[in-house]
file run26.txt (compact mmCIF, C-alpha atoms)
# COMPACT_ATOMS: atom_id res chain seq x y z
CA MET A 1 10.76 -12.47 12.07
CA LEU A 2 7.42 -10.94 12.99
CA THR A 3 6.65 -10.31 16.65
CA ILE A 4 2.98 -9.54 17.25
CA SER A 5 0.62 -9.61 20.21
CA ARG A 6 -2.06 -12.28 20.59
CA ASP A 7 -4.58 -9.47 20.76
CA LEU A 8 -3.64 -8.11 17.30
CA GLN A 9 -3.57 -11.63 15.89
CA ALA A 10 -7.13 -12.12 17.18
CA LYS A 11 -8.25 -8.81 15.64
CA ILE A 12 -6.93 -9.81 12.20
CA ILE A 13 -8.62 -13.21 12.42
CA ASP A 14 -11.92 -11.67 13.60
CA HIS A 15 -11.86 -9.26 10.66
CA ALA A 16 -11.13 -12.08 8.20
CA ARG A 17 -13.92 -14.27 9.65
CA LYS A 18 -16.41 -11.39 9.59
CA ASP A 19 -15.80 -10.59 5.91
CA HIS A 20 -15.61 -14.23 4.79
CA PRO A 21 -16.23 -15.29 1.97
CA ASP A 22 -14.87 -11.95 0.73
CA GLU A 23 -11.23 -11.14 1.33
CA ALA A 24 -10.49 -8.84 4.26
CA CYS A 25 -7.53 -6.46 4.38
CA GLY A 26 -5.88 -3.89 6.59
CA VAL A 27 -2.79 -2.47 8.19
CA ILE A 28 -1.11 -2.49 11.58
CA ALA A 29 0.87 0.67 12.07
CA GLY A 30 3.81 1.08 14.39
CA PRO A 31 6.50 3.65 15.20
CA ALA A 32 8.70 4.27 12.13
CA GLY A 33 11.80 2.11 12.18
CA GLY A 34 10.61 0.15 15.23
CA ASP A 35 9.36 -2.99 13.44
CA ARG A 36 6.66 -3.31 16.11
CA PRO A 37 2.98 -3.50 15.08
CA VAL A 38 0.78 -1.47 17.45
CA ARG A 39 -2.23 0.30 15.90
CA PHE A 40 -4.85 -1.90 14.21
CA ILE A 41 -6.47 -0.32 11.13
CA PRO A 42 -9.00 -2.52 9.30
CA MET A 43 -9.49 -1.27 5.72
CA GLN A 44 -12.39 -1.62 3.32
CA ASN A 45 -11.83 -4.03 0.49
CA ALA A 46 -12.87 -1.79 -2.42
CA GLU A 47 -13.29 -4.91 -4.59
CA ARG A 48 -15.61 -6.75 -2.15
CA SER A 49 -14.46 -9.95 -3.77
CA PRO A 50 -13.67 -13.52 -2.65
CA THR A 51 -10.56 -13.56 -4.88
CA PHE A 52 -9.18 -10.02 -4.88
CA TYR A 53 -8.58 -7.11 -2.55
CA ARG A 54 -7.64 -3.49 -3.04
CA PHE A 55 -7.51 -0.71 -0.48
CA ASP A 56 -9.97 2.06 -1.29
CA SER A 57 -7.66 4.77 -2.67
CA LEU A 58 -9.12 7.68 -0.67
CA GLU A 59 -9.21 5.70 2.58
CA GLN A 60 -5.60 4.72 1.92
CA LEU A 61 -4.59 8.37 1.48
CA LYS A 62 -6.26 9.28 4.77
CA VAL A 63 -4.64 6.41 6.68
CA TRP A 64 -1.18 6.94 5.13
CA ARG A 65 -1.32 10.66 6.02
CA GLU A 66 -2.34 9.80 9.56
CA MET A 67 0.63 7.46 9.85
CA ASP A 68 2.91 10.16 8.46
CA ASP A 69 1.63 12.70 10.98
CA ARG A 70 2.17 10.26 13.85
CA ASP A 71 5.61 9.19 12.58
CA GLU A 72 4.38 5.66 11.98
CA GLU A 73 4.74 3.24 9.12
CA PRO A 74 2.75 0.21 7.93
CA VAL A 75 4.53 -2.53 9.89
CA VAL A 76 2.00 -5.21 8.91
CA ILE A 77 -0.14 -5.34 5.77
CA TYR A 78 -2.64 -8.18 6.08
CA HIS A 79 -5.27 -9.81 3.93
CA SER A 80 -7.19 -13.05 3.84
CA HIS A 81 -7.54 -15.83 1.33
CA THR A 82 -10.91 -17.42 1.74
CA ALA A 83 -10.64 -20.63 -0.29
CA THR A 84 -6.90 -21.19 -0.67
CA GLU A 85 -3.84 -21.43 1.55
CA ALA A 86 -2.25 -18.46 3.30
CA TYR A 87 0.55 -18.08 0.77
CA PRO A 88 1.17 -15.04 -1.48
CA SER A 89 -0.32 -15.42 -4.96
CA ARG A 90 1.25 -14.07 -8.12
CA THR A 91 -1.03 -11.02 -7.82
CA ASP A 92 0.07 -10.46 -4.21
CA ILE A 93 3.70 -10.57 -5.28
CA SER A 94 3.31 -8.25 -8.25
CA TYR A 95 1.53 -5.60 -6.17
CA ALA A 96 3.74 -5.79 -3.07
CA SER A 97 5.36 -2.39 -2.71
CA GLU A 98 6.30 -1.92 0.94
CA PRO A 99 9.62 -3.76 1.28
CA GLN A 100 9.86 -2.96 5.00
CA ALA A 101 6.39 -4.40 5.75
CA HIS A 102 5.46 -7.83 7.03
CA TYR A 103 2.83 -9.25 4.68
CA VAL A 104 0.50 -11.31 6.85
CA LEU A 105 -1.84 -13.77 5.16
CA VAL A 106 -4.61 -15.65 6.88
CA SER A 107 -6.75 -18.35 5.37
CA THR A 108 -10.36 -18.82 6.38
CA ARG A 109 -10.96 -21.82 4.09
CA ASP A 110 -11.25 -24.09 7.13
CA GLU A 111 -14.15 -23.17 9.40
CA SER A 112 -12.49 -24.15 12.65
CA GLU A 113 -8.83 -23.35 12.07
CA THR A 114 -7.33 -20.14 10.69
CA GLU A 115 -3.89 -20.28 9.10
CA PHE A 116 -1.80 -17.23 10.05
CA ARG A 117 1.53 -16.74 8.25
CA SER A 118 3.93 -13.87 7.56
CA TYR A 119 6.17 -13.02 4.60
CA ARG A 120 8.61 -10.49 3.30
CA ILE A 121 8.05 -9.63 -0.35
CA THR A 122 10.94 -7.73 -1.96
CA ASP A 123 11.55 -7.32 -5.70
CA GLY A 124 9.23 -10.20 -6.50
CA GLU A 125 10.89 -12.56 -3.97
CA VAL A 126 8.81 -14.15 -1.25
CA THR A 127 10.42 -15.20 2.04
CA GLU A 128 8.29 -16.76 4.74
CA GLU A 129 9.32 -15.75 8.24
CA PRO A 130 8.61 -17.13 11.71
CA VAL A 131 5.93 -15.43 13.81
CA THR A 132 6.34 -14.94 17.55
CA PHE A 133 3.24 -14.15 19.60
CA THR A 134 3.42 -12.07 22.75
CA GLU A 135 0.76 -11.73 25.46
CA MET B 1 5.89 28.78 -5.87
CA ALA B 2 5.94 25.30 -7.21
CA ILE B 3 4.03 22.05 -6.93
CA GLU B 4 5.04 19.72 -4.11
CA VAL B 5 5.15 16.04 -4.98
CA ARG B 6 5.24 13.54 -2.09
CA ILE B 7 7.18 10.40 -2.90
CA PRO B 8 6.57 6.98 -1.27
CA THR B 9 9.45 5.02 0.30
CA ILE B 10 9.72 2.59 -2.59
CA LEU B 11 10.41 5.39 -5.11
CA ARG B 12 12.82 7.45 -3.03
CA SER B 13 15.78 5.85 -4.78
CA TYR B 14 14.85 8.21 -7.66
CA THR B 15 14.86 11.30 -5.44
CA GLY B 16 18.07 10.72 -3.49
CA GLY B 17 15.99 9.65 -0.50
CA ALA B 18 13.87 12.83 -0.44
CA LYS B 19 10.29 12.44 0.86
CA SER B 20 9.06 15.23 -1.37
CA VAL B 21 10.29 17.11 -4.42
CA GLN B 22 9.17 20.24 -6.26
CA GLY B 23 8.18 20.54 -9.87
CA SER B 24 6.20 22.60 -12.31
CA GLY B 25 3.76 22.18 -15.17
CA SER B 26 0.16 22.93 -16.07
CA THR B 27 -1.00 19.31 -16.13
CA LEU B 28 0.02 16.20 -14.20
CA ASP B 29 1.60 14.91 -17.42
CA GLU B 30 3.80 18.02 -17.72
CA LEU B 31 4.64 17.92 -14.03
CA LEU B 32 5.85 14.31 -14.25
CA SER B 33 7.97 15.11 -17.33
CA ASN B 34 9.40 18.12 -15.51
CA LEU B 35 10.33 15.95 -12.51
CA ASP B 36 11.88 13.32 -14.75
CA ALA B 37 14.49 15.83 -15.96
CA GLU B 38 15.99 15.92 -12.48
CA HIS B 39 14.88 12.51 -11.21
CA GLY B 40 15.44 10.31 -14.24
CA GLY B 41 13.30 7.15 -14.32
CA LEU B 42 10.64 8.39 -11.91
CA ARG B 43 8.07 9.09 -14.62
CA ASP B 44 8.43 5.61 -16.03
CA ARG B 45 7.53 4.09 -12.64
CA LEU B 46 4.26 6.04 -12.66
CA VAL B 47 3.24 6.15 -16.30
CA ASP B 48 2.75 3.39 -18.85
CA GLY B 49 2.26 4.87 -22.33
CA GLU B 50 -0.59 7.35 -22.12
CA ASN B 51 -1.91 6.32 -18.72
CA LEU B 52 -0.97 6.06 -15.08
CA ARG B 53 0.18 2.62 -14.06
CA ARG B 54 -2.47 0.46 -12.40
CA PHE B 55 -0.33 -0.25 -9.35
CA VAL B 56 0.06 3.37 -8.39
CA ASN B 57 -2.30 5.92 -6.84
CA VAL B 58 -1.73 9.60 -7.58
CA TYR B 59 -3.65 12.25 -5.67
CA LEU B 60 -4.04 15.95 -6.35
CA ASN B 61 -4.52 17.48 -2.90
CA ASP B 62 -7.29 15.20 -1.51
CA GLU B 63 -8.57 13.67 -4.76
CA ASP B 64 -7.56 10.58 -6.68
CA VAL B 65 -6.55 11.90 -10.14
CA ARG B 66 -8.29 8.90 -11.74
CA PHE B 67 -11.55 10.67 -10.87
CA LEU B 68 -10.27 14.02 -12.13
CA GLY B 69 -8.72 13.45 -15.54
CA GLY B 70 -5.72 11.18 -15.08
CA LEU B 71 -2.56 12.55 -16.67
CA LYS B 72 -4.54 15.45 -18.17
CA THR B 73 -5.54 16.72 -14.72
CA PRO B 74 -4.69 20.44 -14.46
CA VAL B 75 -2.26 21.34 -11.69
CA SER B 76 -1.10 24.71 -10.42
CA ASP B 77 1.37 26.32 -8.06
CA GLY B 78 0.62 25.56 -4.44
CA ASP B 79 -0.96 22.17 -5.18
CA THR B 80 0.30 19.04 -3.50
CA VAL B 81 0.54 15.80 -5.45
CA THR B 82 0.88 12.59 -3.43
CA VAL B 83 2.04 9.29 -4.90
CA LEU B 84 1.22 6.04 -3.08
CA PRO B 85 1.66 2.47 -4.27
CA ALA B 86 -1.74 0.77 -4.51
CA VAL B 87 -2.19 -1.94 -1.89
CA ALA B 88 -3.86 -4.85 -3.60
CA GLY B 89 -3.64 -8.54 -4.30
CA GLY B 90 -5.75 -11.61 -3.98
CA ALA B 91 -6.00 -15.35 -4.14
CA LEU B 92 -5.54 -15.72 -7.90
call {"tool": "encode", "arguments": {"input": "run26.txt", "output": "structure tokens"}}
result
Amino acid sequence: MLTISRDLQAKIIDHARKDHPDEACGVIAGPAGGDRPVRFIPMQNAERSPTFYRFDSLEQLKVWREMDDRDEEPVVIYHSHTATEAYPSRTDISYASEPQAHYVLVSTRDESETEFRSYRITDGEVTEEPVTFTE
Amino acid sequence: MAIEVRIPTILRSYTGGAKSVQGSGSTLDELLSNLDAEHGGLRDRLVDGENLRRFVNVYLNDEDVRFLGGLKTPVSDGDTVTVLPAVAGGAL
């Protein structure tokens, strides 16, 4: 189960809406082992594409080092789908490489409503999980 | 002196849980072969034939080795090599 604040949920959705129709992506870091997302880190989509995302490799190195220095880990890895549902695609599954992370997908295909869902992706297996929002 | 190689969580099963390991070689290719002697299978997770795998980022100090020379990138004692899984995906 993912527990996340309303404020962080709103930040992810704002980022996804702002970059629409391109996919938006980023990380929420939290204390290592705590399973609690705290620090919002929007990332550049190096592909600037409506159907693909990839963290810029140098920005990723910088952010991952920062997390290491602060004893954090990527608790949430999020990205948006802009024309399809918020469900991991085959590409998402084949690239997923942080088994302890919550993979959050949002869909901006509908102008007024944003789907917001969370998954675990381990060894090619996708498991959707409930999301609890805190104030 | 040796070359420090930082290993991401997902590959630490090859290093007995260690966050970083030490190796030697004059190129990244040699370094990865050197590491594979002690940490069997690690090289195969990073290299596909003659090239680095697409899903993996390898950095020499602060640079992505893709912009340096890939597996042929020269390395020397005191360097730090960092391995990170690429974070990517998409709707298709």
call {"tool": "closest_atom_pairs", "arguments": {"input": "run26.txt", "of": "chain B", "to": "chain A", "cutoff": "7 Å", "atoms": "only C-alpha atoms", "output": "JSON lines"}}
result
{"residue": "B:Ile10", "atom": "CA", "partner": "A:Ser97", "partner_atom": "CA", "distance": 6.6}
{"residue": "B:Phe55", "atom": "CA", "partner": "A:Tyr95", "partner_atom": "CA", "distance": 6.5}
{"residue": "B:Asn57", "atom": "CA", "partner": "A:Ser57", "partner_atom": "CA", "distance": 6.9}
{"residue": "B:Asp64", "atom": "CA", "partner": "A:Leu58", "partner_atom": "CA", "distance": 6.9}
{"residue": "B:Pro85", "atom": "CA", "partner": "A:Ser97", "partner_atom": "CA", "distance": 6.3}
{"residue": "B:Val87", "atom": "CA", "partner": "A:Phe55", "partner_atom": "CA", "distance": 5.6}
{"residue": "B:Ala88", "atom": "CA", "partner": "A:Arg54", "partner_atom": "CA", "distance": 4.1}
{"residue": "B:Gly89", "atom": "CA", "partner": "A:Asp92", "partner_atom": "CA", "distance": 4.2}
{"residue": "B:Gly90", "atom": "CA", "partner": "A:Phe52", "partner_atom": "CA", "distance": 3.9}
{"residue": "B:Ala91", "atom": "CA", "partner": "A:Thr51", "partner_atom": "CA", "distance": 5.0}
{"residue": "B:Leu92", "atom": "CA", "partner": "A:Ser89", "partner_atom": "CA", "distance": 6.0}
call {"tool": "atom_distance", "arguments": {"input": "run26.txt", "atom1": "CA of Thr27 in chain B", "atom2": "CA of Val75 in chain B"}}
result
5.0 Å
call {"tool": "atom_distance", "arguments": {"input": "run26.txt", "atom1": "CA of Val106 in chain A", "atom2": "CA of Arg53 in chain B"}}
result
28.2 Å
call {"tool": "axis_aligned_box", "arguments": {"input": "run26.txt", "around": "range 21-31 of chain B", "padding_each_side": "8 Å", "output": "lines of an AutoDock Vina configuration file"}}
result
center_x = 4.6
center_y = 18.9
center_z = -11.1
size_x = 27.3
size_y = 24.0
size_z = 29.3
call {"tool": "closest_residue", "arguments": {"input": "run26.txt", "among": "A:Val38, A:Ala29, A:Glu59, A:Ile4", "to": "Tyr59 in chain B", "atoms": "all atoms listed in the file"}}
result
A:Glu59
call {"tool": "atom_distance", "arguments": {"input": "run26.txt", "atom1": "CA of Met67 in chain A", "atom2": "CA of Thr122 in chain A"}}
result
21.8 Å
call {"tool": "closest_residue", "arguments": {"input": "run26.txt", "among": "B:Leu52, B:Lys72, B:Ser20, B:Leu60", "to": "Ala86 in chain B", "atoms": "all atoms listed in the file"}}
result
B:Leu52
call {"tool": "closest_residue", "arguments": {"input": "run26.txt", "among": "B:Val81, B:Ala18, B:Ser76, B:Phe67", "to": "Ala2 in chain B", "atoms": "all atoms listed in the file"}}
result
B:Ser76
call {"tool": "closest_residue", "arguments": {"input": "run26.txt", "among": "A:Tyr78, A:Glu111, A:Glu66, A:Leu8", "to": "His20 in chain A", "atoms": "all atoms listed in the file"}}
result
A:Glu111
call {"tool": "decode", "arguments": {"input": "run26.txt", "residues": "range 83-120 of chain A", "atoms": "N, CA and C atoms", "output": "PDB file, in the first residue's frame"}}
result
ATOM      1  N   ALA A  83      -2.310   9.750 -23.148  1.00  0.00           N
ATOM      2  CA  ALA A  83      -3.437   9.392 -24.016  1.00  0.00           C
ATOM      3  C   ALA A  83      -4.011   8.027 -23.674  1.00  0.00           C
ATOM      4  N   THR A  84      -3.408   7.362 -22.690  1.00  0.00           N
ATOM      5  CA  THR A  84      -3.861   6.015 -22.334  1.00  0.00           C
ATOM      6  C   THR A  84      -4.055   5.929 -20.826  1.00  0.00           C
ATOM      7  N   GLU A  85      -4.545   4.771 -20.372  1.00  0.00           N
ATOM      8  CA  GLU A  85      -4.848   4.656 -18.939  1.00  0.00           C
ATOM      9  C   GLU A  85      -3.576   4.598 -18.090  1.00  0.00           C
ATOM     10  N   ALA A  86      -3.767   4.820 -16.792  1.00  0.00           N
ATOM     11  CA  ALA A  86      -2.642   4.841 -15.852  1.00  0.00           C
ATOM     12  C   ALA A  86      -2.313   3.420 -15.421  1.00  0.00           C
ATOM     13  N   TYR A  87      -1.832   2.629 -16.385  1.00  0.00           N
ATOM     14  CA  TYR A  87      -1.463   1.244 -16.107  1.00  0.00           C
ATOM     15  C   TYR A  87      -0.106   0.989 -16.759  1.00  0.00           C
ATOM     16  N   PRO A  88       0.803   0.251 -16.095  1.00  0.00           N
ATOM     17  CA  PRO A  88       2.153   0.078 -16.654  1.00  0.00           C
ATOM     18  C   PRO A  88       2.131  -0.627 -18.016  1.00  0.00           C
ATOM     19  N   SER A  89       2.844  -0.044 -18.966  1.00  0.00           N
ATOM     20  CA  SER A  89       2.954  -0.643 -20.294  1.00  0.00           C
ATOM     21  C   SER A  89       4.052  -1.704 -20.281  1.00  0.00           C
ATOM     22  N   ARG A  90       4.193  -2.405 -21.382  1.00  0.00           N
ATOM     23  CA  ARG A  90       5.273  -3.395 -21.474  1.00  0.00           C
ATOM     24  C   ARG A  90       6.632  -2.735 -21.289  1.00  0.00           C
ATOM     25  N   THR A  91       6.783  -1.516 -21.859  1.00  0.00           N
ATOM     26  CA  THR A  91       8.057  -0.793 -21.704  1.00  0.00           C
ATOM     27  C   THR A  91       8.293  -0.464 -20.236  1.00  0.00           C
ATOM     28  N   ASP A  92       7.244   0.020 -19.555  1.00  0.00           N
ATOM     29  CA  ASP A  92       7.383   0.352 -18.129  1.00  0.00           C
ATOM     30  C   ASP A  92       7.865  -0.859 -17.341  1.00  0.00           C
ATOM     31  N   ILE A  93       7.291  -2.009 -17.664  1.00  0.00           N
ATOM     32  CA  ILE A  93       7.606  -3.223 -16.909  1.00  0.00           C
ATOM     33  C   ILE A  93       9.043  -3.662 -17.190  1.00  0.00           C
ATOM     34  N   SER A  94       9.446  -3.581 -18.470  1.00  0.00           N
ATOM     35  CA  SER A  94      10.784  -4.079 -18.792  1.00  0.00           C
ATOM     36  C   SER A  94      11.877  -3.187 -18.215  1.00  0.00           C
ATOM     37  N   TYR A  95      11.586  -1.907 -18.010  1.00  0.00           N
ATOM     38  CA  TYR A  95      12.602  -1.006 -17.461  1.00  0.00           C
ATOM     39  C   TYR A  95      12.580  -0.934 -15.938  1.00  0.00           C
ATOM     40  N   ALA A  96      11.512  -1.394 -15.307  1.00  0.00           N
ATOM     41  CA  ALA A  96      11.377  -1.181 -13.856  1.00  0.00           C
ATOM     42  C   ALA A  96      12.506  -1.873 -13.101  1.00  0.00           C
ATOM     43  N   SER A  97      13.260  -1.113 -12.323  1.00  0.00           N
ATOM     44  CA  SER A  97      14.459  -1.690 -11.711  1.00  0.00           C
ATOM     45  C   SER A  97      14.643  -1.263 -10.266  1.00  0.00           C
ATOM     46  N   GLU A  98      13.607  -0.748  -9.651  1.00  0.00           N
ATOM     47  CA  GLU A  98      13.683  -0.405  -8.229  1.00  0.00           C
ATOM     48  C   GLU A  98      12.582  -1.188  -7.518  1.00  0.00           C
ATOM     49  N   PRO A  99      12.873  -2.440  -7.126  1.00  0.00           N
ATOM     50  CA  PRO A  99      11.808  -3.292  -6.582  1.00  0.00           C
ATOM     51  C   PRO A  99      11.181  -2.748  -5.295  1.00  0.00           C
ATOM     52  N   GLN A 100      11.903  -1.856  -4.593  1.00  0.00           N
ATOM     53  CA  GLN A 100      11.325  -1.326  -3.346  1.00  0.00           C
ATOM     54  C   GLN A 100      10.475  -0.078  -3.601  1.00  0.00           C
ATOM     55  N   ALA A 101      10.458   0.410  -4.853  1.00  0.00           N
ATOM     56  CA  ALA A 101       9.747   1.664  -5.138  1.00  0.00           C
ATOM     57  C   ALA A 101       8.272   1.421  -5.452  1.00  0.00           C
ATOM     58  N   HIS A 102       7.474   2.451  -5.170  1.00  0.00           N
ATOM     59  CA  HIS A 102       6.088   2.481  -5.633  1.00  0.00           C
ATOM     60  C   HIS A 102       6.107   3.176  -6.987  1.00  0.00           C
ATOM     61  N   TYR A 103       5.632   2.497  -8.014  1.00  0.00           N
ATOM     62  CA  TYR A 103       5.550   3.114  -9.340  1.00  0.00           C
ATOM     63  C   TYR A 103       4.177   3.767  -9.482  1.00  0.00           C
ATOM     64  N   VAL A 104       4.162   5.090  -9.461  1.00  0.00           N
ATOM     65  CA  VAL A 104       2.902   5.816  -9.565  1.00  0.00           C
ATOM     66  C   VAL A 104       2.693   6.231 -11.018  1.00  0.00           C
ATOM     67  N   LEU A 105       1.516   5.930 -11.542  1.00  0.00           N
ATOM     68  CA  LEU A 105       1.157   6.376 -12.882  1.00  0.00           C
ATOM     69  C   LEU A 105      -0.050   7.287 -12.794  1.00  0.00           C
ATOM     70  N   VAL A 106       0.016   8.383 -13.541  1.00  0.00           N
ATOM     71  CA  VAL A 106      -1.161   9.228 -13.655  1.00  0.00           C
ATOM     72  C   VAL A 106      -1.517   9.315 -15.137  1.00  0.00           C
ATOM     73  N   SER A 107      -2.787   9.481 -15.409  1.00  0.00           N
ATOM     74  CA  SER A 107      -3.198   9.679 -16.796  1.00  0.00           C
ATOM     75  C   SER A 107      -3.858  11.039 -16.932  1.00  0.00           C
ATOM     76  N   THR A 108      -3.387  11.775 -17.935  1.00  0.00           N
ATOM     77  CA  THR A 108      -3.946  13.104 -18.199  1.00  0.00           C
ATOM     78  C   THR A 108      -4.810  13.080 -19.463  1.00  0.00           C
ATOM     79  N   ARG A 109      -5.246  11.868 -19.874  1.00  0.00           N
ATOM     80  CA  ARG A 109      -6.010  11.805 -21.137  1.00  0.00           C
ATOM     81  C   ARG A 109      -7.337  12.534 -21.015  1.00  0.00           C
ATOM     82  N   ASP A 110      -7.919  12.539 -19.812  1.00  0.00           N
ATOM     83  CA  ASP A 110      -9.166  13.268 -19.589  1.00  0.00           C
ATOM     84  C   ASP A 110      -8.817  14.649 -19.040  1.00  0.00           C
ATOM     85  N   GLU A 111      -9.408  15.682 -19.620  1.00  0.00           N
ATOM     86  CA  GLU A 111      -9.027  17.047 -19.232  1.00  0.00           C
ATOM     87  C   GLU A 111      -9.421  17.399 -17.807  1.00  0.00           C
ATOM     88  N   SER A 112     -10.540  16.818 -17.343  1.00  0.00           N
ATOM     89  CA  SER A 112     -11.045  17.258 -16.046  1.00  0.00           C
ATOM     90  C   SER A 112     -10.704  16.301 -14.910  1.00  0.00           C
ATOM     91  N   GLU A 113     -10.363  15.044 -15.249  1.00  0.00           N
ATOM     92  CA  GLU A 113     -10.126  14.084 -14.186  1.00  0.00           C
ATOM     93  C   GLU A 113      -8.766  13.420 -14.418  1.00  0.00           C
ATOM     94  N   THR A 114      -7.966  13.312 -13.365  1.00  0.00           N
ATOM     95  CA  THR A 114      -6.648  12.700 -13.502  1.00  0.00           C
ATOM     96  C   THR A 114      -6.625  11.379 -12.741  1.00  0.00           C
ATOM     97  N   GLU A 115      -6.434  10.291 -13.471  1.00  0.00           N
ATOM     98  CA  GLU A 115      -6.278   8.986 -12.815  1.00  0.00           C
ATOM     99  C   GLU A 115      -4.966   8.973 -12.054  1.00  0.00           C
ATOM    100  N   PHE A 116      -4.949   8.398 -10.866  1.00  0.00           N
ATOM    101  CA  PHE A 116      -3.731   8.351 -10.039  1.00  0.00           C
ATOM    102  C   PHE A 116      -3.677   6.962  -9.418  1.00  0.00           C
ATOM    103  N   ARG A 117      -2.723   6.121  -9.864  1.00  0.00           N
ATOM    104  CA  ARG A 117      -2.689   4.728  -9.391  1.00  0.00           C
ATOM    105  C   ARG A 117      -1.249   4.329  -9.055  1.00  0.00           C
ATOM    106  N   SER A 118      -1.111   3.316  -8.216  1.00  0.00           N
ATOM    107  CA  SER A 118       0.226   2.913  -7.772  1.00  0.00           C
ATOM    108  C   SER A 118       0.429   1.408  -7.928  1.00  0.00           C
ATOM    109  N   TYR A 119       1.665   1.027  -8.259  1.00  0.00           N
ATOM    110  CA  TYR A 119       1.994  -0.370  -8.541  1.00  0.00           C
ATOM    111  C   TYR A 119       3.342  -0.736  -7.938  1.00  0.00           C
ATOM    112  N   ARG A 120       3.488  -2.024  -7.673  1.00  0.00           N
ATOM    113  CA  ARG A 120       4.804  -2.605  -7.456  1.00  0.00           C
ATOM    114  C   ARG A 120       5.151  -3.355  -8.730  1.00  0.00           C
TER     115      ARG A 120
END
